[in-house]
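Colleague: Dropping in start.txt, which is compact mmCIF, C-alpha atoms:
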# COMPACT_ATOMS: atom_id res chain seq x y z
CA MET L 259 37.43 26.83 109.91
CA LYS L 260 37.61 23.17 108.90
CA LEU L 261 41.00 21.54 108.47
CA THR L 262 40.27 20.75 104.82
CA LYS L 263 39.75 24.43 104.05
CA ILE L 264 42.96 25.38 105.86
CA MET L 265 45.01 22.79 103.97
CA ALA L 266 43.45 23.79 100.66
CA GLY L 267 44.34 27.42 101.35
CA ILE L 268 47.94 26.51 102.13
CA ALA L 269 48.16 24.48 98.93
CA ALA L 270 46.80 27.31 96.81
CA SER L 271 49.24 29.78 98.36
CA ALA L 272 52.17 27.48 97.71
CA VAL L 273 51.25 27.09 94.04
CA ALA L 274 50.93 30.86 93.64
CA ALA L 275 54.26 31.50 95.34
CA SER L 276 55.99 28.94 93.14
CA ALA L 277 55.33 31.07 90.06
CA LEU L 278 57.58 33.75 91.56
CA ALA L 279 60.45 31.43 92.47
CA VAL L 280 63.79 31.98 90.74
CA ALA L 281 66.38 29.21 90.55
CA SER L 282 68.72 27.46 88.16
CA PHE L 283 67.73 23.82 87.96
CA ALA L 284 67.97 22.02 84.62
CA VAL L 285 65.98 18.85 84.01
CA ASP L 286 68.37 16.66 82.03
CA ALA L 287 66.90 13.64 80.28
CA GLN L 288 68.48 10.41 81.47
CA GLY L 289 68.06 6.92 80.09
CA THR L 290 69.11 4.84 77.11
CA PRO L 291 70.55 6.96 74.28
CA GLY L 292 67.94 7.31 71.56
CA GLN L 293 65.04 6.60 73.93
CA ALA L 294 61.97 8.76 73.30
CA GLY L 295 59.15 9.37 75.73
CA ILE L 296 56.78 11.93 77.23
CA ALA L 297 57.83 14.35 79.96
CA PHE L 298 54.78 15.90 81.60
CA SER L 299 52.88 17.13 84.62
CA ASP L 300 49.14 17.14 84.92
CA GLY L 301 47.23 20.29 85.82
CA ASN L 302 47.37 19.54 89.56
CA TRP L 303 51.12 18.72 89.56
CA THR L 304 50.37 15.33 91.11
CA CYS L 305 50.94 12.99 88.14
CA GLN L 306 54.41 13.63 86.67
CA TYR L 307 57.33 12.21 84.72
CA TRP L 308 60.45 14.26 83.92
CA PHE L 309 63.06 11.96 82.33
CA ASP L 310 65.46 12.95 85.12
CA GLY L 311 66.44 9.50 86.35
CA ASN L 312 64.01 9.53 89.29
CA GLU L 313 61.16 7.10 89.81
CA TYR L 314 57.55 8.21 89.39
CA ALA L 315 54.23 6.44 89.78
CA THR L 316 53.50 7.21 86.15
CA GLN L 317 54.00 4.29 83.75
CA GLU L 318 55.77 5.12 80.49
CA THR L 319 55.83 3.35 77.13
CA THR L 320 58.88 4.61 75.26
CA ALA L 321 60.30 4.10 71.76
CA ALA L 322 63.86 3.55 70.55
CA ILE L 323 64.72 6.03 67.80
CA THR L 324 66.85 4.30 65.16
CA GLY L 325 66.46 6.73 62.27
CA ASP L 326 63.77 8.31 60.10
CA GLY L 327 60.28 6.89 60.55
CA GLN L 328 57.11 7.06 62.60
CA TYR L 329 57.04 6.26 66.32
CA THR L 330 54.47 6.22 69.12
CA VAL L 331 55.02 6.85 72.83
CA SER L 332 52.48 6.93 75.64
CA VAL L 333 52.01 7.42 79.36
CA ASP L 334 49.52 5.94 81.83
CA ALA L 335 48.88 8.49 84.57
CA PHE L 336 48.23 7.58 88.17
CA THR L 337 49.34 8.85 91.57
CA THR L 338 50.35 6.99 94.73
CA TYR L 339 50.37 8.43 98.23
CA THR L 340 50.12 7.32 101.85
CA ASP L 341 46.83 7.80 103.66
CA GLU L 342 47.66 9.82 106.78
CA GLU L 343 44.92 8.20 108.86
CA THR L 344 45.43 4.54 107.94
CA GLY L 345 49.06 4.51 106.83
CA ASP L 346 48.04 2.56 103.72
CA ASP L 347 49.50 3.23 100.29
CA VAL L 348 46.76 4.50 97.97
CA THR L 349 46.78 4.51 94.17
CA GLN L 350 44.68 7.17 92.49
CA PRO L 351 44.19 6.45 88.77
CA GLY L 352 43.97 9.17 86.18
CA ALA L 353 44.93 12.82 85.86
CA THR L 354 43.32 16.14 85.02
CA ASP L 355 44.45 18.62 82.33
CA ILE L 356 48.10 19.43 81.53
CA ALA L 357 50.55 21.87 83.12
CA PHE L 358 53.51 20.81 80.95
CA ALA L 359 54.04 18.23 78.21
CA ALA L 360 56.85 17.47 75.77
CA VAL L 361 58.29 14.63 73.72
CA GLN L 362 61.97 14.11 74.50
CA VAL L 363 64.73 11.97 72.97
CA VAL L 364 67.68 11.09 75.18
CA ASP L 365 70.96 12.20 73.52
CA GLY L 366 68.97 12.99 70.37
CA GLU L 367 71.14 16.00 69.46
CA THR L 368 74.27 13.86 69.74
CA LEU L 369 73.00 10.79 67.90
CA PHE L 370 70.96 12.57 65.23
CA PRO L 371 72.16 16.17 64.76
CA GLY L 372 69.54 18.26 63.02
CA MET L 373 66.78 15.69 63.45
CA VAL L 374 63.23 17.08 63.19
CA ILE L 375 60.24 15.63 65.00
CA THR L 376 56.83 16.26 63.46
CA ILE L 377 53.84 15.60 65.70
CA ASP L 378 51.26 13.50 63.86
CA SER L 379 48.69 13.16 66.63
CA ILE L 380 48.12 13.64 70.36
CA LYS L 381 45.43 11.51 71.97
CA PHE L 382 43.92 11.32 75.44
CA ASP L 383 42.14 8.04 76.13
CA GLY L 384 41.97 7.45 72.38
CA ASN L 385 40.50 10.85 71.52
CA GLU L 386 42.69 13.06 69.33
CA VAL L 387 43.02 16.71 70.34
CA ALA L 388 43.29 19.56 67.85
CA LEU L 389 46.45 21.66 67.66
CA ASN L 390 46.37 25.46 67.51
CA GLY L 391 49.86 25.76 66.00
CA THR L 392 52.91 23.79 64.89
CA PRO L 393 55.14 22.15 67.54
CA TYR L 394 58.84 22.71 66.83
CA THR L 395 61.96 20.66 67.54
CA SER L 396 64.73 22.13 69.71
CA SER L 397 66.96 21.26 72.66
CA ASP L 398 67.04 22.48 76.24
CA ASP L 399 70.67 21.58 76.88
CA GLY L 400 72.28 20.83 73.51
CA VAL L 401 72.01 17.09 74.20
CA THR L 402 68.36 16.14 74.65
CA THR L 403 66.02 16.70 71.71
CA ARG L 404 62.66 18.11 72.72
CA VAL L 405 59.32 19.03 71.19
CA ASN L 406 57.23 21.17 73.52
CA LEU L 407 53.57 20.24 73.30
CA TYR L 408 52.53 22.62 76.07
CA ASN L 409 55.18 24.77 77.76
CA GLU L 410 53.91 28.18 78.83
CA TRP L 411 57.30 29.09 80.33
CA VAL L 412 58.86 29.69 76.90
CA SER L 413 58.82 33.44 76.27
CA ALA L 414 60.61 33.30 72.89
CA LEU L 415 61.46 30.53 70.43
CA PRO L 416 65.03 29.22 70.94
CA ASP L 417 67.67 29.77 68.29
CA ASP L 418 67.69 26.08 67.35
CA ALA L 419 63.91 25.84 66.85
CA ARG L 420 63.11 23.97 63.64
CA THR L 421 60.26 22.31 61.77
CA VAL L 422 60.32 20.02 58.78
CA ASP L 423 60.29 22.90 56.26
CA GLY L 424 62.56 25.26 58.19
CA LEU L 425 60.58 27.10 60.84
CA ALA L 426 56.81 27.30 60.45
CA ALA L 427 55.23 30.72 60.87
CA ASP L 428 52.85 29.33 63.49
CA ALA L 429 55.53 27.47 65.48
CA THR L 430 54.61 27.57 69.16
CA PRO L 431 55.55 25.93 72.49
CA THR L 432 51.85 25.66 73.37
CA ALA L 433 50.46 23.90 70.31
CA MET L 434 47.96 21.91 72.36
CA SER L 435 45.52 23.16 74.97
CA LYS L 436 46.22 22.54 78.65
CA SER L 437 42.51 21.98 79.27
CA VAL L 438 41.93 18.37 78.26
CA GLY L 439 39.78 17.28 81.19
CA GLU L 440 40.22 14.01 83.06
CA TRP L 441 42.38 11.36 81.42
CA THR L 442 44.27 8.16 82.12
CA LYS L 443 46.38 7.65 78.99
CA MET L 444 48.18 10.12 76.77
CA GLU L 445 49.54 8.91 73.43
CA VAL L 446 51.73 10.82 70.97
CA THR L 447 52.55 9.64 67.45
CA PHE L 448 55.33 11.48 65.63
CA THR L 449 57.55 11.25 62.56
CA VAL L 450 61.33 11.65 62.69
CA SER L 451 63.10 13.10 59.64
CA GLY L 452 66.68 14.18 58.96
CA ALA L 453 68.08 11.39 61.12
CA ALA L 454 68.82 8.71 58.50
CA GLY L 455 72.47 7.67 58.59
CA ALA L 456 73.35 10.12 61.37
CA ALA L 457 74.58 7.37 63.67
CA ALA L 458 76.59 5.53 60.95
CA PRO L 459 80.08 6.66 62.08
CA ALA L 460 79.68 4.87 65.42
CA ALA L 461 78.77 1.63 63.66
CA GLU L 462 81.83 1.83 61.40
CA GLU L 463 84.15 2.24 64.38
CA ALA L 464 82.72 -0.89 65.95
CA ALA L 465 83.74 -3.05 62.92
CA PRO L 466 86.67 -5.46 63.55
CA VAL L 467 90.08 -4.40 62.27
CA GLU L 468 91.55 -6.60 59.55
CA GLU L 469 95.03 -8.08 60.02
CA THR L 470 96.29 -6.09 57.03
CA ALA L 471 95.18 -2.74 58.51
CA ALA L 472 97.69 0.11 58.44
CA PRO L 473 99.72 0.86 61.59
CA ALA L 474 97.83 2.84 64.25
CA GLU L 475 99.67 6.07 63.51
CA GLU L 476 98.57 5.91 59.87
CA ALA L 477 94.91 5.11 60.55
CA ALA L 478 92.33 7.86 60.16
CA PRO L 479 91.17 9.22 63.56
CA ALA L 480 87.64 8.35 64.68
CA PRO L 481 85.65 11.59 64.96
CA ALA L 482 82.71 10.40 67.09
CA THR L 483 84.43 10.18 70.50
CA GLY L 484 85.51 13.79 70.74
CA ASP L 485 82.21 15.02 69.38
CA VAL L 486 80.19 13.12 71.96
CA ALA L 487 82.37 14.30 74.82
CA ALA L 488 81.98 17.89 73.74
CA VAL L 489 78.22 17.77 73.39
CA THR L 490 77.58 15.95 76.68
CA ASP L 491 79.53 18.49 78.73
CA SER L 492 77.12 19.38 81.56
CA THR L 493 78.56 22.89 81.86
CA LYS L 494 77.05 24.00 78.53
CA GLY L 495 74.50 26.78 78.70
CA SER L 496 70.84 26.02 78.00
CA PRO L 497 68.71 27.78 75.38
CA ASN L 498 65.84 29.82 76.78
CA THR L 499 63.13 27.15 76.82
CA GLY L 500 61.97 27.86 80.36
CA ILE L 501 62.53 24.36 81.75
CA GLU L 502 64.28 25.76 84.84
CA ASP L 503 61.08 27.55 85.80
CA VAL L 504 59.06 24.43 85.06
CA ALA L 505 61.22 22.40 87.43
CA VAL L 506 60.87 24.97 90.20
CA VAL L 507 57.10 25.07 89.83
CA ALA L 508 56.96 21.26 89.71
CA GLY L 509 58.86 20.90 92.98
CA ILE L 510 56.90 23.46 94.98
CA ALA L 511 53.54 22.69 93.46
CA LEU L 512 54.01 18.95 94.11
CA VAL L 513 54.29 19.72 97.82
CA ALA L 514 51.17 21.82 97.59
CA ALA L 515 49.32 19.11 95.70
CA GLY L 516 50.34 16.63 98.38
CA ALA L 517 48.69 18.83 100.96
CA VAL L 518 45.49 18.75 98.94
CA VAL L 519 45.58 14.95 98.78
CA VAL L 520 46.01 14.74 102.54
CA ALA L 521 43.19 17.22 103.05
CA LYS L 522 40.86 15.15 100.91
CA LYS L 523 41.47 12.08 103.05
CA ARG L 524 40.66 13.90 106.32
CA LYS L 525 37.10 14.19 107.56
Translate the structure of the given file into structure tokens.
Modeller:
Amino acid sequence: MKLTKIMAGIAASAVAASALAVASFAVDAQGTPGQAGIAFSDGNWTCQYWFDGNEYATQETTAAITGDGQYTVSVDAFTTYTDEETGDDVTQPGATDIAFAAVQVVDGETLFPGMVITIDSIKFDGNEVALNGTPYTSSDDGVTTRVNLYNEWVSALPDDARTVDGLAADATPTAMSKSVGEWTKMEVTFTVSGAAGAAAPAAEEAAPVEETAAPAEEAAPAPATGDVAAVTDSTKGSPNTGIEDVAVVAGIALVAAGAVVVAKKRK
């Protein structure tokens, strides 16, 4: 049997086994508070970005959420790896299909409690894809705001799931199809509502204190500090959005996908 067939078989077995893995591993969005972007993996688990503070070959274009309004985020997908035979770093442009995709806002639940994100369009290389349901807004950890575009690991809608008019009857974590073919750029345009003025208390605290201000013991306490500390506690439980399973699959399947890349480069 040729080496390429052996490596391909190992890769396929690893991907299948990953679906049975059980672990507790939360993917917490990290970055500038209010930063929105796309977390995703392509269908082969080779092109990825997870908002977890790690570096990926994928190039992101993010947006700073400042309140209600329309925003656009995008991702340029490509993969880098080292050719086993030559030792050279190789860049492989593009991706194929989707295994997971979501729009996330760092600290969105803290900065804009109750904010709702409505997906206006999802495009691959400029071509808009049709949705088969309504994406909903929720949170995986009580801190990061998320809208699942395709997340097949969600078995039931979380308690904090919401859409602009409450909770749409066709709300789903798999509003888009995972079969989108080959692509190089994914672009999502969305509208934020319910966030206007949510961050105002922090701005008021930053204002300089006048010389005639009342003594410290008479001043009204600032509510934002305690609230932020409580929400960002990493020991909080996560709603059942299935991201732990996604992370497990991503880790194991990435190894498997790497084996496929190596196999392709061998003769």
Colleague: Near Leu425 (chain L), counting only C-alpha atoms, which residues have an atom at most 10 Å away, once you skip same-chain residues fewer than 6 positions from it, shown as a list in words?
Modeller: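 Contacts, with the query itself left out: Thr392, Pro393, Tyr394, Thr395, Asp418 and Ala419 of chain L.
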Colleague: Name the closest residue to Ile296 (chain L) among the candidates L:Asp341, L:Glu445, L:Asp398, L:Glu410; distances are taken between atoms, counting all atoms listed in the file.
Modeller: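 Looking only at the distances to Ile296 (chain L), the closest residue turns out to be L:Glu445.
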Colleague: I need the residue nearest Ser379 (chain L) from this list: L:Thr304, L:Gln362, L:Thr344, L:Gln328. Use all atoms listed in the file for the distance.
Modeller: L:Gln328
Colleague: If you measure from CA of Phe382 (chain L) to CA of Thr442 (chain L), what distance in Å do you get, rounded to one decimal?
Modeller: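 One can read the CA of Phe382 (chain L) to CA of Thr442 (chain L) distance as 7.4 Å.
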Colleague: Quick one: distance from CA of Val363 (chain L) to CA of Asn302 (chain L) in Å, one decimal?
Modeller: 25.2 Å
Colleague: Determine, counting all atoms listed in the file, every residue of protein, DNA or RNA that lies within 9 Å of (69.1, 3.0, 66.4) in the file coordinates, then give the result as a PyMOL selection string.
Modeller: chain L and resi 291-292+322-325+369+457
Colleague: In Å, with one decimal, what is the gap from CA of Cys305 (chain L) to CA of Thr319 (chain L)?
Modeller: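 CA of Thr319 (chain L) lies 15.4 Å from CA of Cys305 (chain L).
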Colleague: Excluding same-chain residues fewer than 2 positions from Tyr314 (chain L), what lies within 12 Å of it counting all atoms listed in the file, as a list in words?
Modeller: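 So, after excluding close chain neighbours, the residues are Ala297, Phe298, Ser299, Thr304, Cys305, Gln306, Tyr307, Trp308, Phe309, Asp310, Gly311, Asn312, Thr316, Gln317, Glu318, Val333, Asp334, Ala335, Phe336, Thr337, Thr338 and Tyr339 of chain L.
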Colleague: Could those selected residues go to a file with C-alpha atoms, as an mmCIF file, in the frame of the given file?
Modeller:
data_model
loop_
_atom_site.group_PDB
_atom_site.id
_atom_site.type_symbol
_atom_site.label_atom_id
_atom_site.label_comp_id
_atom_site.auth_asym_id
_atom_site.auth_seq_id
_atom_site.Cartn_x
_atom_site.Cartn_y
_atom_site.Cartn_z
ATOM 1 C CA ALA L 297 57.830 14.350 79.960
ATOM 2 C CA PHE L 298 54.780 15.900 81.600
ATOM 3 C CA SER L 299 52.880 17.130 84.620
ATOM 4 C CA THR L 304 50.370 15.330 91.110
ATOM 5 C CA CYS L 305 50.940 12.990 88.140
ATOM 6 C CA GLN L 306 54.410 13.630 86.670
ATOM 7 C CA TYR L 307 57.330 12.210 84.720
ATOM 8 C CA TRP L 308 60.450 14.260 83.920
ATOM 9 C CA PHE L 309 63.060 11.960 82.330
ATOM 10 C CA ASP L 310 65.460 12.950 85.120
ATOM 11 C CA GLY L 311 66.440 9.500 86.350
ATOM 12 C CA ASN L 312 64.010 9.530 89.290
ATOM 13 C CA THR L 316 53.500 7.210 86.150
ATOM 14 C CA GLN L 317 54.000 4.290 83.750
ATOM 15 C CA GLU L 318 55.770 5.120 80.490
ATOM 16 C CA VAL L 333 52.010 7.420 79.360
ATOM 17 C CA ASP L 334 49.520 5.940 81.830
ATOM 18 C CA ALA L 335 48.880 8.490 84.570
ATOM 19 C CA PHE L 336 48.230 7.580 88.170
ATOM 20 C CA THR L 337 49.340 8.850 91.570
ATOM 21 C CA THR L 338 50.350 6.990 94.730
ATOM 22 C CA TYR L 339 50.370 8.430 98.230
#
Colleague: Measuring atom to atom with all atoms listed in the file, identify which of L:Asn409, L:Thr402, L:Thr354, L:Thr430 is nearest to Ala294 (chain L).
Modeller: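 The closest residue to Ala294 (chain L) is L:Thr402.
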Colleague: Compare L:Thr449, L:Asn390, L:Ser437, L:Thr376 by their minimum atom-to-atom distance to Gly424 (chain L), counting all atoms listed in the file, and give me the closest one.
Modeller: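 Of the candidates, the smallest distance to Gly424 (chain L) is held by L:Thr376.
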Colleague: Place a sphere of radius 8 Å on (48.1, 20.9, 85.0) in the file coordinates and name every protein, DNA or RNA residue with an atom inside or on its surface, counting all atoms listed in the file; give the answer as a PyMOL selection string.
Modeller: chain L and resi 299-303+354-358+436
Colleague: Using all atoms listed in the file, which of L:Val348, L:Val331, L:Ala360, L:Ala353 sits nearest Val438 (chain L)?
Modeller: L:Ala353
Colleague: Check the smallest atom-to-atom distance from each of L:Pro431, L:Gly400, L:Gly384, L:Gly352 to Pro371 (chain L) using only C-alpha atoms, then report the winner.
Modeller: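 The shortest atom-to-atom distance to Pro371 (chain L) comes from L:Gly400.
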